[in-house]
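Asker: Quick one: the structure is below, questions incoming.
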Amino acid sequence: QKNLSIFSPDEAELAKMLIEMEQGHLFEDWPDPGVDDDEKISFIAQVALLNSSYPGGLTSYIKTARELLADSKAGKNPFDGFKPSVPSGEILTFGDENFIKYEEAGVKQVQNAAFVLVAGGLGERLGYNGIKVALPMETTTGTCFLQHYIESTLCLSEASCKQAQGKCIRDVPFVIMTSDDTHARTLQLLESNSYFGMKSTQVKLLKQEKVACLADNDARLAVDPKNRYRIQTKPHGHGDVHSLLYSSGLLKEWKDAGLRWVLFFQDTNGLLFKAIPAALGVSATKEYHVNSLSVPRKAKEAIGGITRLTHADGREMVINVEYNQLDPLLRATSHPDGDANCETGYSPYPGNINQLILELGPYIDELSKTGGVIKEFVNPKYKDSTKTAFKSSTRLECMMQDYPKTLSPSARVGFTVTDPWLAYAPVKNNPEDAAKVPKGNPYHSATSGETAIYRANSMILRKAGVKIDDPVSEVFNGQEVEVWSRVVWKPKWAVTFADVKSKVSGNNFVSQKSTLVIKGSNVIIQDLSLDGTLIINSVDDAEVKVGGSVKNNGWTIESIDKDNTALPEEVRIRGFKINKTEWLEKSYNKPGKYSLNP
Ligand code: UGB
């Protein structure tokens, strides 16, 4: 009470609100005015931030926390009364007629889309010290995730413009959700690389704030153990992206500009743009309000399962059930085997990969009702079975894929499943944890993330008629992976399968030890036989035909010791490095017609 005099009227109101919400312990033992006044002012400034960055403010946060903590203590099952079943969705097979039709429809829509990358997570599981979007997606070219995402977006939007015969309306917006952990480094990565070719005005960074930690079942806010004048905070989860987009005014701006779609994606999935055009085509064709791109999921794989939940009272929804909840839910509802593979070798529940496509109109309508608040959860680690005390403070969390939970049953919520190799190879696990993944399940590591890119590109070229050697099996950082020819191309060479097909002709062959890097847009691969490394650089106005026989000692993959600290961290987490022994590199820097036929 006596310290209220050092606060402004607004600050004093905040302090009173805390007392009313039974948070008096935060001010306990505060010295008299005149001692630590600056610290007390900075404490109340933090309270103001926590209050303004949470929809409904701290009062709402504390109330929800009390309810969820009581449910957790009572052991209430969030799926009580719901029965799971396998939902039906659109199943795509890469390269077939249907896929090509959807790709074409999707490309048309890109100029009506906004791209939203959630990149506020630090990636504790990966244990990498930098920001994840700065990691090389593959080490053949060293292109980082963010560069690939931006270049793919630019090229898709250019292709969309071409389809509209140049009558395109806008530069597609590209939003990155950051957090205190990633914001400054993300901005620096963009600025030091001239936004990877995108206009800086096209890119918007939205920073999510952390939320207050909870010390006990009464939702008393936790004091930072290192500073009595600070409330301890932790990340609230990627679900924040919805309220941030809403409160920033961007959604309304986009709607006024005539946009129709918002695409969400994660920080380390190098494959995702291979399936985005087709998935967007599915959204447009089926008029889905929510379309979740998914992949066949191995039982027990650490990704959620897309599930239809039907309640005895008639409620029904198609929603992600997190991997730790799927098995108990199935066992509790007459599926004694729990989370198990079916005859296909995969779980019947498609794997959630958090690549969501939302239709903007219905999305804004919903958010106008909810303010972007996503159903939260709490996951306290209790000291013992009495559930009266926590091992360490907890907090409310939310996930972006839980957005459909508040939708009315009439909302069109669907999903699109692609081939297992096409759309998902995230870099999430450190080498030690990846090596412990059950045999046959994806590792989700830097090793598998990179090798999956070579596999997908090789498979795509195969589908386009190129003869590519089978892969060899190798073990890096304790993980057995298939090593395919290292085929890499820039998005400006191809962003759809139709692009690839139009740039490959005749009889082409690539051996397993080969590396093929295509960095020009107008490069035609025709009657090429490659046994070594070939790199083609060209400006947009150079038309280059690449053929003939190229043979050299090439670039080899060498296994390395992950504990060899002489090597950079981004190499060690892969367990291999590329030895650049011998190669042929051709650069065509002036407009014209060229032919390479050694
Ligand atoms: N992220 C944020 O931007 N802010 C945050 O506060 C937290 C994360 P994780 P997660 O697709 O593989 C999800 O940590 O949440 C960003 C699904 O829940 O890598 O453990 C972060 O930067 C799960 O169902 O994943 O698991 C990153 O870009 C499954 O689909 C993204 O959010 C799994 O992803 C994901 O964060 C998956």
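Just so we're on the same page: first chain in the structure tokens is A, next is B, and so on; residues restart at 1 for each chain, and ligands are numbered from 1 in the order they show up.
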Would you list, as a PDB file with C-alpha atoms, in the first residue's frame, the residues of range 124-231 of chain A that end up in strand (DSSP E or B) under DSSP run on this structure's backbone?

Answerer:
```
ATOM      1  CA  PRO A 136      21.828 -24.233 -43.730  1.00  0.00           C
ATOM      2  CA  CYS A 144      19.698 -21.207 -45.074  1.00  0.00           C
ATOM      3  CA  PHE A 174       5.634 -12.322 -45.692  1.00  0.00           C
ATOM      4  CA  VAL A 175       5.252 -12.244 -41.892  1.00  0.00           C
ATOM      5  CA  ILE A 176       7.686 -13.725 -39.394  1.00  0.00           C
ATOM      6  CA  MET A 177       6.600 -14.274 -35.805  1.00  0.00           C
ATOM      7  CA  THR A 178       9.646 -13.867 -33.578  1.00  0.00           C
ATOM      8  CA  SER A 179      10.191 -13.799 -29.817  1.00  0.00           C
ATOM      9  CA  VAL A 203       8.379  -8.458 -44.706  1.00  0.00           C
ATOM     10  CA  LYS A 204       6.789  -7.815 -41.284  1.00  0.00           C
ATOM     11  CA  LEU A 205       8.162  -9.100 -38.007  1.00  0.00           C
ATOM     12  CA  LEU A 206       5.661  -9.633 -35.189  1.00  0.00           C
ATOM     13  CA  LYS A 207       7.246 -10.343 -31.822  1.00  0.00           C
ATOM     14  CA  GLN A 208       5.401 -12.578 -29.386  1.00  0.00           C
ATOM     15  CA  VAL A 211       3.662 -15.082 -20.383  1.00  0.00           C
ATOM     16  CA  ALA A 212       3.818 -15.065 -16.590  1.00  0.00           C
ATOM     17  CA  LEU A 214       2.504 -19.823 -12.264  1.00  0.00           C
ATOM     18  CA  LEU A 221       2.422 -15.568 -10.330  1.00  0.00           C
ATOM     19  CA  VAL A 223       8.699 -14.315  -8.793  1.00  0.00           C
ATOM     20  CA  ILE A 231       7.833 -11.963 -12.616  1.00  0.00           C
TER      21      ILE A 231
END
```

Asker: Residues of chain A that have any atom at most 8 Å from an atom of ligand 1: could you tabulate them with the shortest-distance atom pair and the distance in Å to one decimal, using only C-alpha atoms and all ligand atoms, ordered by chain and increasing number, as a Markdown table?

Answerer:
```
| residue | atom | partner | partner_atom_place_in_ligand_line | distance |
| --- | --- | --- | --- | --- |
| A:Leu117 | CA | ligand 1 | 28 (O) | 7.1 |
| A:Val118 | CA | ligand 1 | 3 (O) | 4.1 |
| A:Ala119 | CA | ligand 1 | 22 (O) | 3.5 |
| A:Gly120 | CA | ligand 1 | 3 (O) | 3.3 |
| A:Gly121 | CA | ligand 1 | 22 (O) | 3.4 |
| A:Leu122 | CA | ligand 1 | 22 (O) | 6.3 |
| A:Gly123 | CA | ligand 1 | 14 (O) | 6.0 |
| A:Glu124 | CA | ligand 1 | 14 (O) | 7.9 |
| A:Arg125 | CA | ligand 1 | 14 (O) | 7.7 |
| A:Lys132 | CA | ligand 1 | 22 (O) | 7.6 |
| A:Met177 | CA | ligand 1 | 3 (O) | 5.9 |
| A:Thr178 | CA | ligand 1 | 3 (O) | 6.2 |
| A:Ser179 | CA | ligand 1 | 4 (N) | 6.9 |
| A:Gln208 | CA | ligand 1 | 4 (N) | 7.4 |
| A:Lys210 | CA | ligand 1 | 6 (O) | 7.9 |
| A:Pro235 | CA | ligand 1 | 6 (O) | 4.8 |
| A:His236 | CA | ligand 1 | 6 (O) | 5.2 |
| A:Gly237 | CA | ligand 1 | 6 (O) | 3.2 |
| A:His238 | CA | ligand 1 | 4 (N) | 3.9 |
| A:Gly239 | CA | ligand 1 | 4 (N) | 7.5 |
| A:Asp240 | CA | ligand 1 | 4 (N) | 7.3 |
| A:Val241 | CA | ligand 1 | 3 (O) | 7.5 |
| A:Phe265 | CA | ligand 1 | 28 (O) | 7.0 |
| A:Gln266 | CA | ligand 1 | 28 (O) | 3.6 |
| A:Asp267 | CA | ligand 1 | 28 (O) | 3.9 |
| A:Thr268 | CA | ligand 1 | 28 (O) | 6.6 |
| A:Ala302 | CA | ligand 1 | 29 (C) | 6.8 |
| A:Ile303 | CA | ligand 1 | 29 (C) | 3.9 |
| A:Gly304 | CA | ligand 1 | 24 (O) | 3.8 |
| A:Gly305 | CA | ligand 1 | 24 (O) | 7.2 |
| A:Asn320 | CA | ligand 1 | 24 (O) | 6.7 |
| A:Val321 | CA | ligand 1 | 24 (O) | 7.2 |
| A:Glu322 | CA | ligand 1 | 24 (O) | 5.2 |
| A:Tyr323 | CA | ligand 1 | 24 (O) | 6.8 |
| A:Gly351 | CA | ligand 1 | 30 (O) | 7.0 |
| A:Asn352 | CA | ligand 1 | 30 (O) | 4.4 |
| A:Ile353 | CA | ligand 1 | 11 (O) | 3.5 |
| A:Asn354 | CA | ligand 1 | 11 (O) | 4.9 |
| A:Gln355 | CA | ligand 1 | 11 (O) | 7.7 |
| A:Met399 | CA | ligand 1 | 18 (O) | 6.2 |
| A:Met400 | CA | ligand 1 | 18 (O) | 7.9 |
| A:Gln401 | CA | ligand 1 | 18 (O) | 7.2 |
| A:Pro426 | CA | ligand 1 | 12 (O) | 6.5 |
| A:Lys428 | CA | ligand 1 | 19 (O) | 5.9 |
| A:His444 | CA | ligand 1 | 12 (O) | 7.9 |
```

Asker: For Ala12 in chain A, find every residue with an atom within 12 Å (counting only C-alpha atoms), except residues of its own chain fewer than 3 positions away, and show them as a VMD selection string.

Answerer: chain A and resid 1 to 9 15 to 19 40 to 41 43 to 45 47 to 48

Asker: Tell me, as an MDAnalysis selection string, which residues lie within 6 Å of range 407-416 of chain A, counting only C-alpha atoms; anything in the same chain fewer than 5 positions away does not count.

Answerer: chainID A and resid 89:91 288:294

Asker: Would you return as a compact mmCIF listing (two decimals) with N, CA, C and O atoms, in the first residue's frame the members of range 221-437 of chain A that DSSP assigns to helix (DSSP H, G or I) on this structure's backbone?

Answerer:
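Output (selection.txt):
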```txt
# COMPACT_ATOMS: atom_id res chain seq x y z
N ASP A 240 0.18 -18.12 -30.36
CA ASP A 240 0.14 -16.64 -30.28
C ASP A 240 0.02 -15.99 -31.64
O ASP A 240 -0.37 -14.82 -31.74
N VAL A 241 0.37 -16.72 -32.67
CA VAL A 241 0.41 -16.10 -34.00
C VAL A 241 -0.97 -15.54 -34.38
O VAL A 241 -1.07 -14.50 -35.02
N HIS A 242 -2.03 -16.20 -33.92
CA HIS A 242 -3.37 -15.75 -34.32
C HIS A 242 -3.73 -14.41 -33.68
O HIS A 242 -4.19 -13.50 -34.37
N SER A 243 -3.49 -14.29 -32.37
CA SER A 243 -3.86 -13.01 -31.73
C SER A 243 -2.94 -11.89 -32.21
O SER A 243 -3.38 -10.74 -32.36
N LEU A 244 -1.68 -12.22 -32.50
CA LEU A 244 -0.76 -11.18 -32.99
C LEU A 244 -1.18 -10.67 -34.36
O LEU A 244 -1.16 -9.47 -34.63
N LEU A 245 -1.55 -11.58 -35.25
CA LEU A 245 -1.99 -11.16 -36.59
C LEU A 245 -3.24 -10.29 -36.48
O LEU A 245 -3.39 -9.29 -37.17
N TYR A 246 -4.12 -10.70 -35.57
CA TYR A 246 -5.37 -9.97 -35.41
C TYR A 246 -5.11 -8.58 -34.83
O TYR A 246 -5.53 -7.56 -35.39
N SER A 247 -4.36 -8.53 -33.72
CA SER A 247 -4.18 -7.23 -33.05
C SER A 247 -3.28 -6.29 -33.85
O SER A 247 -3.36 -5.08 -33.71
N SER A 248 -2.45 -6.83 -34.74
CA SER A 248 -1.57 -5.97 -35.54
C SER A 248 -2.35 -5.22 -36.63
O SER A 248 -1.83 -4.29 -37.24
N LEU A 250 -3.08 -6.50 -39.41
CA LEU A 250 -2.67 -7.01 -40.73
C LEU A 250 -3.79 -7.76 -41.43
O LEU A 250 -3.96 -7.63 -42.64
N LEU A 251 -4.57 -8.52 -40.67
CA LEU A 251 -5.61 -9.32 -41.32
C LEU A 251 -6.60 -8.42 -42.04
O LEU A 251 -7.01 -8.69 -43.17
N LYS A 252 -6.95 -7.33 -41.39
CA LYS A 252 -7.93 -6.42 -41.99
C LYS A 252 -7.32 -5.76 -43.24
O LYS A 252 -7.96 -5.65 -44.29
N GLU A 253 -6.05 -5.38 -43.07
CA GLU A 253 -5.33 -4.77 -44.21
C GLU A 253 -5.35 -5.72 -45.41
O GLU A 253 -5.60 -5.32 -46.55
N TRP A 254 -5.09 -6.99 -45.15
CA TRP A 254 -5.04 -7.99 -46.23
C TRP A 254 -6.41 -8.17 -46.86
O TRP A 254 -6.54 -8.30 -48.07
N LYS A 255 -7.42 -8.18 -46.00
CA LYS A 255 -8.78 -8.39 -46.53
C LYS A 255 -9.14 -7.20 -47.43
O LYS A 255 -9.66 -7.37 -48.53
N ASP A 256 -8.83 -5.99 -46.94
CA ASP A 256 -9.14 -4.80 -47.74
C ASP A 256 -8.40 -4.82 -49.07
O ASP A 256 -8.87 -4.29 -50.07
N LEU A 272 8.83 -28.21 -47.43
CA LEU A 272 7.43 -27.81 -47.44
C LEU A 272 6.96 -27.11 -48.70
O LEU A 272 5.83 -27.33 -49.15
N PHE A 273 7.82 -26.30 -49.32
CA PHE A 273 7.37 -25.57 -50.51
C PHE A 273 7.09 -26.49 -51.70
O PHE A 273 6.48 -26.08 -52.66
N LYS A 274 7.52 -27.73 -51.59
CA LYS A 274 7.24 -28.67 -52.69
C LYS A 274 5.76 -29.06 -52.69
O LYS A 274 5.23 -29.50 -53.70
N ILE A 276 3.30 -26.95 -51.10
CA ILE A 276 2.42 -25.79 -50.85
C ILE A 276 1.51 -25.47 -52.05
O ILE A 276 0.31 -25.29 -51.87
N PRO A 277 2.03 -25.43 -53.29
CA PRO A 277 1.12 -25.07 -54.38
C PRO A 277 -0.06 -26.04 -54.48
O PRO A 277 -1.21 -25.61 -54.57
N ALA A 278 0.21 -27.35 -54.39
CA ALA A 278 -0.89 -28.32 -54.53
C ALA A 278 -1.87 -28.19 -53.36
O ALA A 278 -3.09 -28.24 -53.56
N ALA A 279 -1.34 -27.99 -52.15
CA ALA A 279 -2.24 -27.87 -50.99
C ALA A 279 -3.12 -26.62 -51.11
O ALA A 279 -4.30 -26.64 -50.76
N LEU A 280 -2.54 -25.55 -51.61
CA LEU A 280 -3.32 -24.32 -51.81
C LEU A 280 -4.39 -24.56 -52.88
O LEU A 280 -5.53 -24.06 -52.77
N GLY A 281 -4.04 -25.34 -53.88
CA GLY A 281 -5.01 -25.71 -54.92
C GLY A 281 -6.17 -26.50 -54.32
O GLY A 281 -7.33 -26.30 -54.70
N VAL A 282 -5.86 -27.39 -53.38
CA VAL A 282 -6.92 -28.16 -52.72
C VAL A 282 -7.83 -27.20 -51.94
O VAL A 282 -9.06 -27.27 -52.03
N SER A 283 -7.22 -26.26 -51.20
CA SER A 283 -8.02 -25.29 -50.43
C SER A 283 -8.99 -24.55 -51.33
O SER A 283 -10.17 -24.39 -51.01
N ALA A 284 -8.46 -24.07 -52.49
CA ALA A 284 -9.30 -23.27 -53.38
C ALA A 284 -10.38 -24.12 -54.02
O ALA A 284 -11.54 -23.71 -54.10
N THR A 285 -10.02 -25.33 -54.46
CA THR A 285 -10.98 -26.18 -55.16
C THR A 285 -12.08 -26.65 -54.21
O THR A 285 -13.25 -26.65 -54.54
N LYS A 286 -11.67 -27.05 -53.01
CA LYS A 286 -12.66 -27.61 -52.06
C LYS A 286 -13.25 -26.52 -51.18
O LYS A 286 -14.05 -26.81 -50.29
N TYR A 323 0.94 -35.99 -30.04
CA TYR A 323 1.41 -37.37 -30.01
C TYR A 323 1.35 -37.99 -28.62
O TYR A 323 1.10 -39.17 -28.47
N ASN A 324 1.54 -37.16 -27.57
CA ASN A 324 1.52 -37.73 -26.21
C ASN A 324 0.09 -38.00 -25.74
O ASN A 324 -0.12 -38.67 -24.74
N GLN A 325 -0.91 -37.45 -26.45
CA GLN A 325 -2.30 -37.66 -26.03
C GLN A 325 -3.02 -38.70 -26.89
O GLN A 325 -4.05 -39.22 -26.50
N LEU A 326 -2.45 -38.95 -28.08
CA LEU A 326 -3.14 -39.84 -29.02
C LEU A 326 -3.22 -41.27 -28.49
O LEU A 326 -4.28 -41.89 -28.51
N ASP A 327 -2.10 -41.77 -27.98
CA ASP A 327 -2.07 -43.15 -27.51
C ASP A 327 -3.06 -43.36 -26.35
O ASP A 327 -3.92 -44.25 -26.43
N PRO A 328 -3.02 -42.52 -25.28
CA PRO A 328 -4.00 -42.73 -24.20
C PRO A 328 -5.45 -42.57 -24.67
O PRO A 328 -6.33 -43.32 -24.25
N LEU A 329 -5.68 -41.63 -25.60
CA LEU A 329 -7.05 -41.43 -26.09
C LEU A 329 -7.54 -42.69 -26.80
O LEU A 329 -8.67 -43.16 -26.59
N LEU A 330 -6.68 -43.27 -27.64
CA LEU A 330 -7.08 -44.47 -28.38
C LEU A 330 -7.33 -45.64 -27.43
O LEU A 330 -8.33 -46.33 -27.52
N ARG A 331 -6.41 -45.81 -26.49
CA ARG A 331 -6.56 -46.93 -25.54
C ARG A 331 -7.85 -46.80 -24.72
O ARG A 331 -8.49 -47.79 -24.39
N ALA A 332 -8.20 -45.54 -24.38
CA ALA A 332 -9.39 -45.33 -23.55
C ALA A 332 -10.69 -45.48 -24.34
O ALA A 332 -11.77 -45.42 -23.77
N LEU A 360 -9.04 -16.40 -45.49
CA LEU A 360 -8.97 -15.16 -44.72
C LEU A 360 -10.33 -14.67 -44.21
O LEU A 360 -10.44 -14.27 -43.04
N GLY A 361 -11.38 -14.70 -45.06
CA GLY A 361 -12.68 -14.16 -44.65
C GLY A 361 -13.21 -14.84 -43.39
O GLY A 361 -13.41 -14.19 -42.35
N PRO A 362 -13.42 -16.17 -43.45
CA PRO A 362 -13.90 -16.87 -42.25
C PRO A 362 -12.93 -16.75 -41.07
O PRO A 362 -13.36 -16.71 -39.91
N TYR A 363 -11.64 -16.63 -41.37
CA TYR A 363 -10.63 -16.50 -40.30
C TYR A 363 -10.85 -15.19 -39.54
O TYR A 363 -10.91 -15.16 -38.30
N ILE A 364 -11.04 -14.10 -40.28
CA ILE A 364 -11.27 -12.81 -39.61
C ILE A 364 -12.59 -12.85 -38.83
O ILE A 364 -12.65 -12.38 -37.70
N ASP A 365 -13.62 -13.45 -39.44
CA ASP A 365 -14.91 -13.52 -38.74
C ASP A 365 -14.74 -14.21 -37.39
O ASP A 365 -15.25 -13.75 -36.37
N GLU A 366 -13.99 -15.31 -37.40
CA GLU A 366 -13.80 -16.07 -36.15
C GLU A 366 -12.98 -15.25 -35.14
O GLU A 366 -13.32 -15.17 -33.97
N LEU A 367 -11.92 -14.63 -35.64
CA LEU A 367 -11.05 -13.88 -34.73
C LEU A 367 -11.75 -12.63 -34.17
O LEU A 367 -11.43 -12.18 -33.06
N SER A 368 -12.70 -12.10 -34.92
CA SER A 368 -13.44 -10.94 -34.38
C SER A 368 -14.22 -11.38 -33.15
O SER A 368 -14.47 -10.58 -32.27
N LYS A 369 -14.59 -12.67 -33.12
CA LYS A 369 -15.33 -13.17 -31.94
C LYS A 369 -14.37 -13.50 -30.80
O LYS A 369 -14.64 -13.23 -29.65
N THR A 370 -13.24 -14.09 -31.14
CA THR A 370 -12.36 -14.62 -30.08
C THR A 370 -11.18 -13.70 -29.77
O THR A 370 -10.48 -13.90 -28.79
N MET A 400 -0.82 -23.30 -32.49
CA MET A 400 -1.53 -22.68 -33.60
C MET A 400 -2.52 -23.64 -34.27
O MET A 400 -3.55 -23.22 -34.79
N GLN A 401 -2.24 -24.93 -34.22
CA GLN A 401 -3.13 -25.89 -34.88
C GLN A 401 -4.42 -26.13 -34.11
O GLN A 401 -5.30 -26.85 -34.58
N ASP A 402 -4.53 -25.53 -32.90
CA ASP A 402 -5.78 -25.66 -32.14
C ASP A 402 -6.81 -24.63 -32.55
O ASP A 402 -7.91 -24.60 -32.00
N TYR A 403 -6.47 -23.79 -33.52
CA TYR A 403 -7.40 -22.77 -33.99
C TYR A 403 -8.80 -23.34 -34.29
O TYR A 403 -9.81 -22.75 -33.87
N PRO A 404 -8.93 -24.50 -34.98
CA PRO A 404 -10.30 -24.97 -35.32
C PRO A 404 -11.15 -25.35 -34.12
O PRO A 404 -12.34 -25.56 -34.26
N LYS A 405 -10.55 -25.43 -32.93
CA LYS A 405 -11.32 -25.92 -31.77
C LYS A 405 -12.55 -25.06 -31.46
O LYS A 405 -13.53 -25.57 -30.93
N THR A 406 -12.50 -23.77 -31.78
CA THR A 406 -13.66 -22.92 -31.45
C THR A 406 -14.61 -22.75 -32.64
O THR A 406 -15.62 -22.06 -32.53
N PRO A 431 21.53 -34.74 -32.12
CA PRO A 431 22.01 -36.06 -32.59
C PRO A 431 21.76 -37.19 -31.59
O PRO A 431 21.37 -38.29 -31.99
N GLU A 432 21.93 -36.92 -30.31
CA GLU A 432 21.76 -37.99 -29.31
C GLU A 432 20.32 -38.49 -29.30
O GLU A 432 20.06 -39.69 -29.35
N ASP A 433 19.37 -37.55 -29.26
CA ASP A 433 17.96 -37.97 -29.22
C ASP A 433 17.54 -38.61 -30.54
O ASP A 433 16.76 -39.56 -30.55
N ALA A 434 18.06 -38.07 -31.64
CA ALA A 434 17.69 -38.63 -32.95
C ALA A 434 18.14 -40.08 -33.05
O ALA A 434 17.42 -40.94 -33.57
N ALA A 435 19.33 -40.36 -32.53
CA ALA A 435 19.86 -41.72 -32.63
C ALA A 435 19.01 -42.70 -31.84
O ALA A 435 19.06 -43.91 -32.07
```

Asker: Under the rule of at most 9 Å, produce a per-residue listing of range 296-369 of chain A near range 63-81 of chain A: chain, number, name, the closest pair of atoms, and the distance in Å, as a tab-separated table, using only C-alpha atoms.

Answerer:
```
residue	atom	partner	partner_atom	distance
A:Leu309	CA	A:Phe79	CA	8.4
A:Thr310	CA	A:Gly81	CA	8.1
A:His311	CA	A:Gly81	CA	5.4
A:Ala312	CA	A:Gly81	CA	6.1
A:Asp313	CA	A:Gly81	CA	8.3
A:Leu329	CA	A:Phe79	CA	7.4
```

Asker: From the list A:Phe497, A:Ile460, A:Gly142, A:Ala219, which residue is nearest Lys577 in chain A when using only C-alpha atoms?

Answerer: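 Closest to Lys577 in chain A of all the choices is A:Gly142.
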
Asker: Here is a test: counting only C-alpha atoms, which residue of A:Val466, A:Ile536, A:Leu14, A:Val427 is nearest to Ser448 in chain A?

Answerer: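 Among the listed residues, A:Val427 lies closest to Ser448 in chain A.
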
Asker: Write out as a PDB file with N, CA, C and O atoms, in the first residue's frame the residues lying within 9 Å of range 98-101 of chain A, counting only C-alpha atoms and excluding same-chain residues fewer than 2 positions away.

Answerer:
```
ATOM      1  N   LEU A  92      -2.901 -36.865 -51.906  1.00  0.00           N
ATOM      2  CA  LEU A  92      -2.207 -36.513 -53.149  1.00  0.00           C
ATOM      3  C   LEU A  92      -1.070 -37.485 -53.429  1.00  0.00           C
ATOM      4  O   LEU A  92      -0.367 -37.910 -52.515  1.00  0.00           O
ATOM      5  N   THR A  93      -0.884 -37.809 -54.696  1.00  0.00           N
ATOM      6  CA  THR A  93       0.270 -38.608 -55.100  1.00  0.00           C
ATOM      7  C   THR A  93       1.102 -37.729 -56.014  1.00  0.00           C
ATOM      8  O   THR A  93       0.603 -37.280 -57.053  1.00  0.00           O
ATOM      9  N   PHE A  94       2.330 -37.486 -55.604  1.00  0.00           N
ATOM     10  CA  PHE A  94       3.159 -36.538 -56.343  1.00  0.00           C
ATOM     11  C   PHE A  94       3.228 -36.889 -57.825  1.00  0.00           C
ATOM     12  O   PHE A  94       3.486 -38.032 -58.197  1.00  0.00           O
ATOM     13  N   GLY A  95       3.007 -35.901 -58.651  1.00  0.00           N
ATOM     14  CA  GLY A  95       3.258 -36.052 -60.080  1.00  0.00           C
ATOM     15  C   GLY A  95       2.106 -36.608 -60.885  1.00  0.00           C
ATOM     16  O   GLY A  95       2.181 -36.599 -62.114  1.00  0.00           O
ATOM     17  N   ASP A  96       1.046 -37.119 -60.220  1.00  0.00           N
ATOM     18  CA  ASP A  96      -0.045 -37.630 -61.057  1.00  0.00           C
ATOM     19  C   ASP A  96      -0.926 -36.463 -61.536  1.00  0.00           C
ATOM     20  O   ASP A  96      -0.719 -35.305 -61.150  1.00  0.00           O
ATOM     21  N   GLU A 103      -1.736 -28.289 -58.320  1.00  0.00           N
ATOM     22  CA  GLU A 103      -0.592 -27.354 -58.327  1.00  0.00           C
ATOM     23  C   GLU A 103      -0.929 -26.116 -59.149  1.00  0.00           C
ATOM     24  O   GLU A 103      -0.673 -24.989 -58.753  1.00  0.00           O
ATOM     25  N   GLU A 104      -1.506 -26.372 -60.307  1.00  0.00           N
ATOM     26  CA  GLU A 104      -1.831 -25.262 -61.193  1.00  0.00           C
ATOM     27  C   GLU A 104      -2.858 -24.325 -60.540  1.00  0.00           C
ATOM     28  O   GLU A 104      -2.703 -23.100 -60.544  1.00  0.00           O
ATOM     29  N   ALA A 105      -3.864 -24.951 -59.917  1.00  0.00           N
ATOM     30  CA  ALA A 105      -4.892 -24.144 -59.236  1.00  0.00           C
ATOM     31  C   ALA A 105      -4.264 -23.368 -58.082  1.00  0.00           C
ATOM     32  O   ALA A 105      -4.644 -22.223 -57.804  1.00  0.00           O
ATOM     33  N   GLY A 106      -3.304 -23.997 -57.404  1.00  0.00           N
ATOM     34  CA  GLY A 106      -2.661 -23.354 -56.250  1.00  0.00           C
ATOM     35  C   GLY A 106      -1.802 -22.178 -56.658  1.00  0.00           C
ATOM     36  O   GLY A 106      -1.833 -21.111 -56.031  1.00  0.00           O
ATOM     37  N   ALA A 278       0.209 -27.355 -54.395  1.00  0.00           N
ATOM     38  CA  ALA A 278      -0.889 -28.323 -54.527  1.00  0.00           C
ATOM     39  C   ALA A 278      -1.867 -28.188 -53.362  1.00  0.00           C
ATOM     40  O   ALA A 278      -3.089 -28.237 -53.555  1.00  0.00           O
ATOM     41  N   GLY A 281      -4.037 -25.338 -53.884  1.00  0.00           N
ATOM     42  CA  GLY A 281      -5.010 -25.707 -54.924  1.00  0.00           C
ATOM     43  C   GLY A 281      -6.170 -26.497 -54.325  1.00  0.00           C
ATOM     44  O   GLY A 281      -7.330 -26.302 -54.695  1.00  0.00           O
ATOM     45  N   THR A 496       7.334 -25.825 -59.204  1.00  0.00           N
ATOM     46  CA  THR A 496       6.269 -26.831 -59.330  1.00  0.00           C
ATOM     47  C   THR A 496       6.818 -28.010 -60.133  1.00  0.00           C
ATOM     48  O   THR A 496       7.878 -27.903 -60.779  1.00  0.00           O
ATOM     49  N   PHE A 497       6.064 -29.092 -60.129  1.00  0.00           N
ATOM     50  CA  PHE A 497       6.493 -30.248 -60.923  1.00  0.00           C
ATOM     51  C   PHE A 497       6.411 -29.901 -62.413  1.00  0.00           C
ATOM     52  O   PHE A 497       7.253 -30.332 -63.210  1.00  0.00           O
ATOM     53  N   ALA A 498       5.410 -29.109 -62.768  1.00  0.00           N
ATOM     54  CA  ALA A 498       5.282 -28.700 -64.174  1.00  0.00           C
ATOM     55  C   ALA A 498       6.544 -27.958 -64.619  1.00  0.00           C
ATOM     56  O   ALA A 498       7.048 -28.167 -65.738  1.00  0.00           O
TER      57      ALA A 498
END
```

Asker: If we count only C-alpha atoms, what is near Leu190 in chain A at a cut-off of 10 Å, once residues fewer than 6 positions away on the same chain are taken out, given as a PyMOL selection string?

Answerer: chain A and resi 134+146-147+196-198+200+203

Asker: What does the distance from CA of Phe115 in chain A to CA of Thr139 in chain A come to in Å, to one decimal?

Answerer: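 Going from CA of Phe115 in chain A over to CA of Thr139 in chain A covers 25.4 Å.
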
Asker: Which of these residues is nearest to Tyr382 in chain A, using only C-alpha atoms: A:Val116, A:Leu50, A:Ala215, A:Leu461?

Answerer: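 Looking at the shortest contact to Tyr382 in chain A, the residue is A:Ala215.
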
Asker: Tell me, as a PyMOL selection string, which residues lie within 12 Å of Lys162 in chain A, counting only C-alpha atoms; anything in the same chain fewer than 3 positions away does not count.

Answerer: chain A and resi 104+107-111+155-159+165-169

Asker: Go through A:Ile535, A:Asp470, A:Glu287, A:Val133 and flag the residue nearest Arg260 in chain A, using only C-alpha atoms for the distances.

Answerer: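 Comparing A:Ile535, A:Asp470, A:Glu287, A:Val133 against Arg260 in chain A, the winner is A:Glu287.
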